[in-house]
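Worksheet: the structure to be examined is printed underneath.
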Number of protein chains: 2
Amino acid sequence: MSLQSSLDPDLAARLKRDPNGLFPAIAQQHDTGEVLMLGWMDDEALARTLASGRATYWSRSRGEYWRKGDTSGHVQWVKSVALDCDADTVLVKVDQVGPACHTGTRTCFDGDPLPLGG
Amino acid sequence: MSLQSSLDPDLAARLKRDPNGLFPAIAQQHDTGEVLMLGWMDDEALARTLASGRATYWSRSRGEYWRKGDTSGHVQWVKSVALDCDADTVLVKVDQVGPACHTGTRTCFDGDPLPLGG
């Protein structure tokens with residue numbers, strides 16, 4: 001990628017990361033409230049997300065940055081990003097173009113619900 | 001806790017966990033769509049959540065199960081639980097009693113949004 005970013009030092013100082021330098025990022029459709037997917041970010045992915053307005057994740061399986069929609073066209077336009085109280089998770093409100101899930105469903109949570117009850 | 005549960009073997013076979021046996025659980029208010037918090041579960045926490053209808057997490061900081069609301073009264077009554085497409089994250093739709101966040105805010109993401117733009 002040509003975009004080079006670095007995270008604001010104050011923000012970087014607040015963030016808590018797992019041993020791989022990653023933290024979970026929840027993507028939510030900004031108007032309907034649908035939870036679309038959970039991805040992983042490191043500092044650079046968050047910096048790129050904030051600077052570009054395009055949700056950008058770290059792919060744990062491929063070991064590379066992944067700007068959502070570059071391959072599929074299913075872009076996530078960022079509306080807002082918020083840290084949680086422990087500064088170890090981000091909530092990214094987006095406008096999702098097309099399906100969020102690589103399986104073609106709107107969200108990654110569209111499978112059968114798990115059975116409740118003892 | 002007196003409740004003893006074990007996860008359905010088919011579900012346990014599908015789940016993907018991190019090296020500590022944990023996976024992220026997103027709690028969402030079932031009717032408003034608010035993303036309330038992100039917690040962590042292991043198989044037992046998920047089994048207890050499904051069996052009891054009370055969202056139950058694994059506290060990484062305290063190293064113990066944590067049934068939301070037992071101390072604070074801020075119970076999460078479970079409406080539905082869904083796995084994501086990769087079976088490594090769960091979305092728990094709940095009816096949240098009172099604030100979800102230990103800081104007293106409705107959600108754990110109620111802090112100032114991060115600045116967007118390059």
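Chain identifiers are assigned as A, B, and so on, following the order in which chains appear in the structure tokens; residues are numbered from 1 within each chain, and ligands are numbered from 1 in order of appearance.
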Check: Counting only C-alpha atoms, which residues from chain B have an atom at most 6 Å from any atom of chain A, and could you show them as a ChimeraX atom specification?
Finding: /B:33,50-51,81-85,108-109,113-114,116-118
Next item on the list: Do a neighbour search on Gly73 in chain B at 9 Å with only C-alpha atoms, toss out local chain neighbours closer than 3 positions, and write the hits as a list in words.
Entry: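 The contact residues come out as Lys68, Gly69, Asp70, Val97 and Gly98 of chain B.
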Notebook entry, point to check: Any idea what the distance is between CA of Thr56 in chain A and CA of Gly104 in chain A?
Noted result: 19.2 Å
Notebook entry, point to check: If you run DSSP on this backbone, which residues of chain A come out as alpha helix (DSSP H), and could you give them as an MDAnalysis selection string?
Noted result: chainID A and resid 9:14 43:52
Write out, as a PDB file, in the first residue's frame, the residues just selected, with C-alpha atoms.
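Wrote it out as again.pdb, contents follow:
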```
ATOM      1  CA  PRO A   9       1.392   8.805  20.305  1.00  0.00           C
ATOM      2  CA  ASP A  10      -1.189   9.582  23.003  1.00  0.00           C
ATOM      3  CA  LEU A  11      -3.558   7.043  21.507  1.00  0.00           C
ATOM      4  CA  ALA A  12      -0.758   4.512  21.125  1.00  0.00           C
ATOM      5  CA  ALA A  13       0.085   4.970  24.807  1.00  0.00           C
ATOM      6  CA  ARG A  14      -3.512   4.215  25.833  1.00  0.00           C
ATOM      7  CA  ASP A  43      -1.530   0.206  15.592  1.00  0.00           C
ATOM      8  CA  GLU A  44      -0.866   0.615  11.896  1.00  0.00           C
ATOM      9  CA  ALA A  45      -4.243  -0.803  10.868  1.00  0.00           C
ATOM     10  CA  LEU A  46      -5.978   1.596  13.252  1.00  0.00           C
ATOM     11  CA  ALA A  47      -3.885   4.519  11.992  1.00  0.00           C
ATOM     12  CA  ARG A  48      -4.787   3.676   8.395  1.00  0.00           C
ATOM     13  CA  THR A  49      -8.456   3.288   9.323  1.00  0.00           C
ATOM     14  CA  LEU A  50      -8.535   6.710  10.976  1.00  0.00           C
ATOM     15  CA  ALA A  51      -6.523   8.465   8.269  1.00  0.00           C
ATOM     16  CA  SER A  52      -8.202   6.938   5.220  1.00  0.00           C
TER      17      SER A  52
END
```
Note to self: Give me, as an NGL selection string, the residues of chain A that a backbone DSSP run labels strand (DSSP E or B).
What the structure shows: :A and (23-29 or 35-41 or 54 or 56-59 or 64-67 or 76-83 or 90-96)
Would you put the residues from that selection into a file with N, CA and C atoms, as an mmCIF file, in the first residue's frame?
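File again-v6.cif, as written:
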```
data_model
loop_
_atom_site.group_PDB
_atom_site.id
_atom_site.type_symbol
_atom_site.label_atom_id
_atom_site.label_comp_id
_atom_site.auth_asym_id
_atom_site.auth_seq_id
_atom_site.Cartn_x
_atom_site.Cartn_y
_atom_site.Cartn_z
ATOM 1 N N PHE A 23 -5.610 -6.115 18.661
ATOM 2 C CA PHE A 23 -6.807 -5.913 19.486
ATOM 3 C C PHE A 23 -8.027 -6.089 18.586
ATOM 4 N N PRO A 24 -9.166 -6.527 19.174
ATOM 5 C CA PRO A 24 -10.355 -6.753 18.356
ATOM 6 C C PRO A 24 -11.021 -5.444 17.938
ATOM 7 N N ALA A 25 -11.556 -5.461 16.732
ATOM 8 C CA ALA A 25 -12.288 -4.320 16.173
ATOM 9 C C ALA A 25 -13.661 -4.822 15.724
ATOM 10 N N ILE A 26 -14.690 -4.268 16.353
ATOM 11 C CA ILE A 26 -16.065 -4.637 16.016
ATOM 12 C C ILE A 26 -16.558 -3.669 14.949
ATOM 13 N N ALA A 27 -17.025 -4.194 13.829
ATOM 14 C CA ALA A 27 -17.596 -3.342 12.779
ATOM 15 C C ALA A 27 -19.111 -3.401 12.871
ATOM 16 N N GLN A 28 -19.713 -2.220 12.976
ATOM 17 C CA GLN A 28 -21.168 -2.104 13.124
ATOM 18 C C GLN A 28 -21.716 -1.171 12.055
ATOM 19 N N GLN A 29 -22.804 -1.569 11.431
ATOM 20 C CA GLN A 29 -23.470 -0.684 10.476
ATOM 21 C C GLN A 29 -24.015 0.528 11.232
ATOM 22 N N VAL A 35 -24.389 -5.678 13.906
ATOM 23 C CA VAL A 35 -22.986 -6.030 14.090
ATOM 24 C C VAL A 35 -22.569 -6.856 12.875
ATOM 25 N N LEU A 36 -21.631 -6.330 12.128
ATOM 26 C CA LEU A 36 -21.288 -6.915 10.833
ATOM 27 C C LEU A 36 -20.233 -8.005 10.937
ATOM 28 N N MET A 37 -19.193 -7.746 11.702
ATOM 29 C CA MET A 37 -18.057 -8.674 11.777
ATOM 30 C C MET A 37 -17.139 -8.230 12.907
ATOM 31 N N LEU A 38 -16.234 -9.105 13.270
ATOM 32 C CA LEU A 38 -15.142 -8.742 14.163
ATOM 33 C C LEU A 38 -13.836 -9.010 13.429
ATOM 34 N N GLY A 39 -12.995 -7.982 13.350
ATOM 35 C CA GLY A 39 -11.674 -8.143 12.760
ATOM 36 C C GLY A 39 -10.615 -7.799 13.793
ATOM 37 N N TRP A 40 -9.363 -7.826 13.378
ATOM 38 C CA TRP A 40 -8.257 -7.532 14.276
ATOM 39 C C TRP A 40 -7.439 -6.391 13.696
ATOM 40 N N MET A 41 -6.994 -5.527 14.556
ATOM 41 C CA MET A 41 -6.138 -4.402 14.151
ATOM 42 C C MET A 41 -4.866 -4.409 14.981
ATOM 43 N N ARG A 54 -11.319 4.272 5.621
ATOM 44 C CA ARG A 54 -11.650 2.917 5.123
ATOM 45 C C ARG A 54 -11.190 1.920 6.179
ATOM 46 N N THR A 56 -9.602 -0.921 7.928
ATOM 47 C CA THR A 56 -8.418 -1.686 7.549
ATOM 48 C C THR A 56 -8.035 -2.581 8.717
ATOM 49 N N TYR A 57 -7.861 -3.851 8.441
ATOM 50 C CA TYR A 57 -7.609 -4.850 9.480
ATOM 51 C C TYR A 57 -6.253 -5.522 9.238
ATOM 52 N N TRP A 58 -5.840 -6.291 10.239
ATOM 53 C CA TRP A 58 -4.707 -7.187 10.082
ATOM 54 C C TRP A 58 -5.270 -8.588 9.910
ATOM 55 N N SER A 59 -4.935 -9.220 8.814
ATOM 56 C CA SER A 59 -5.384 -10.592 8.591
ATOM 57 C C SER A 59 -4.437 -11.545 9.300
ATOM 58 N N GLU A 64 -1.129 -10.117 6.727
ATOM 59 C CA GLU A 64 -0.976 -8.869 5.980
ATOM 60 C C GLU A 64 -2.134 -7.929 6.286
ATOM 61 N N TYR A 65 -1.928 -6.647 5.986
ATOM 62 C CA TYR A 65 -3.019 -5.685 6.124
ATOM 63 C C TYR A 65 -4.057 -5.974 5.057
ATOM 64 N N TRP A 66 -5.261 -5.628 5.421
ATOM 65 C CA TRP A 66 -6.409 -5.986 4.592
ATOM 66 C C TRP A 66 -7.388 -4.833 4.687
ATOM 67 N N ARG A 67 -7.418 -4.031 3.609
ATOM 68 C CA ARG A 67 -8.369 -2.925 3.572
ATOM 69 C C ARG A 67 -9.657 -3.463 2.997
ATOM 70 N N GLN A 76 -15.957 -0.733 3.599
ATOM 71 C CA GLN A 76 -16.544 -0.170 4.822
ATOM 72 C C GLN A 76 -16.085 1.276 4.958
ATOM 73 N N TRP A 77 -16.995 2.200 4.736
ATOM 74 C CA TRP A 77 -16.715 3.628 4.916
ATOM 75 C C TRP A 77 -16.889 3.963 6.393
ATOM 76 N N VAL A 78 -15.866 4.490 6.984
ATOM 77 C CA VAL A 78 -15.856 4.693 8.434
ATOM 78 C C VAL A 78 -16.623 5.956 8.811
ATOM 79 N N LYS A 79 -17.551 5.791 9.751
ATOM 80 C CA LYS A 79 -18.312 6.924 10.274
ATOM 81 C C LYS A 79 -17.766 7.399 11.616
ATOM 82 N N SER A 80 -17.347 6.463 12.461
ATOM 83 C CA SER A 80 -16.751 6.834 13.748
ATOM 84 C C SER A 80 -15.998 5.637 14.306
ATOM 85 N N VAL A 81 -15.047 5.937 15.162
ATOM 86 C CA VAL A 81 -14.265 4.896 15.829
ATOM 87 C C VAL A 81 -14.179 5.278 17.300
ATOM 88 N N ALA A 82 -14.455 4.318 18.184
ATOM 89 C CA ALA A 82 -14.383 4.581 19.620
ATOM 90 C C ALA A 82 -13.647 3.446 20.314
ATOM 91 N N LEU A 83 -12.835 3.813 21.288
ATOM 92 C CA LEU A 83 -12.186 2.843 22.177
ATOM 93 C C LEU A 83 -13.147 2.464 23.290
ATOM 94 N N VAL A 90 -11.865 -1.763 19.867
ATOM 95 C CA VAL A 90 -12.441 -0.600 19.179
ATOM 96 C C VAL A 90 -13.767 -0.979 18.527
ATOM 97 N N LEU A 91 -14.658 0.007 18.525
ATOM 98 C CA LEU A 91 -15.933 -0.122 17.827
ATOM 99 C C LEU A 91 -15.887 0.816 16.635
ATOM 100 N N VAL A 92 -16.012 0.229 15.439
ATOM 101 C CA VAL A 92 -15.917 0.990 14.199
ATOM 102 C C VAL A 92 -17.306 1.018 13.578
ATOM 103 N N LYS A 93 -17.916 2.192 13.569
ATOM 104 C CA LYS A 93 -19.211 2.327 12.911
ATOM 105 C C LYS A 93 -18.959 2.688 11.458
ATOM 106 N N VAL A 94 -19.574 1.930 10.571
ATOM 107 C CA VAL A 94 -19.263 2.032 9.150
ATOM 108 C C VAL A 94 -20.535 2.090 8.325
ATOM 109 N N ASP A 95 -20.354 2.502 7.074
ATOM 110 C CA ASP A 95 -21.389 2.269 6.081
ATOM 111 C C ASP A 95 -20.869 1.137 5.197
ATOM 112 N N GLN A 96 -21.471 -0.018 5.316
ATOM 113 C CA GLN A 96 -21.016 -1.235 4.643
ATOM 114 C C GLN A 96 -21.608 -1.297 3.243
#
```
Item checked: Atom pair CA of Ala55 in chain A / CA of Lys16 in chain A: separation (Å) -> 19.4 Å
Note to self: Can you measure CA of Arg60 in chain A to CA of Arg60 in chain B for me? One decimal in Å is fine.
What the structure shows: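 Atom-to-atom, CA of Arg60 in chain A and CA of Arg60 in chain B are spaced 21.6 Å apart.
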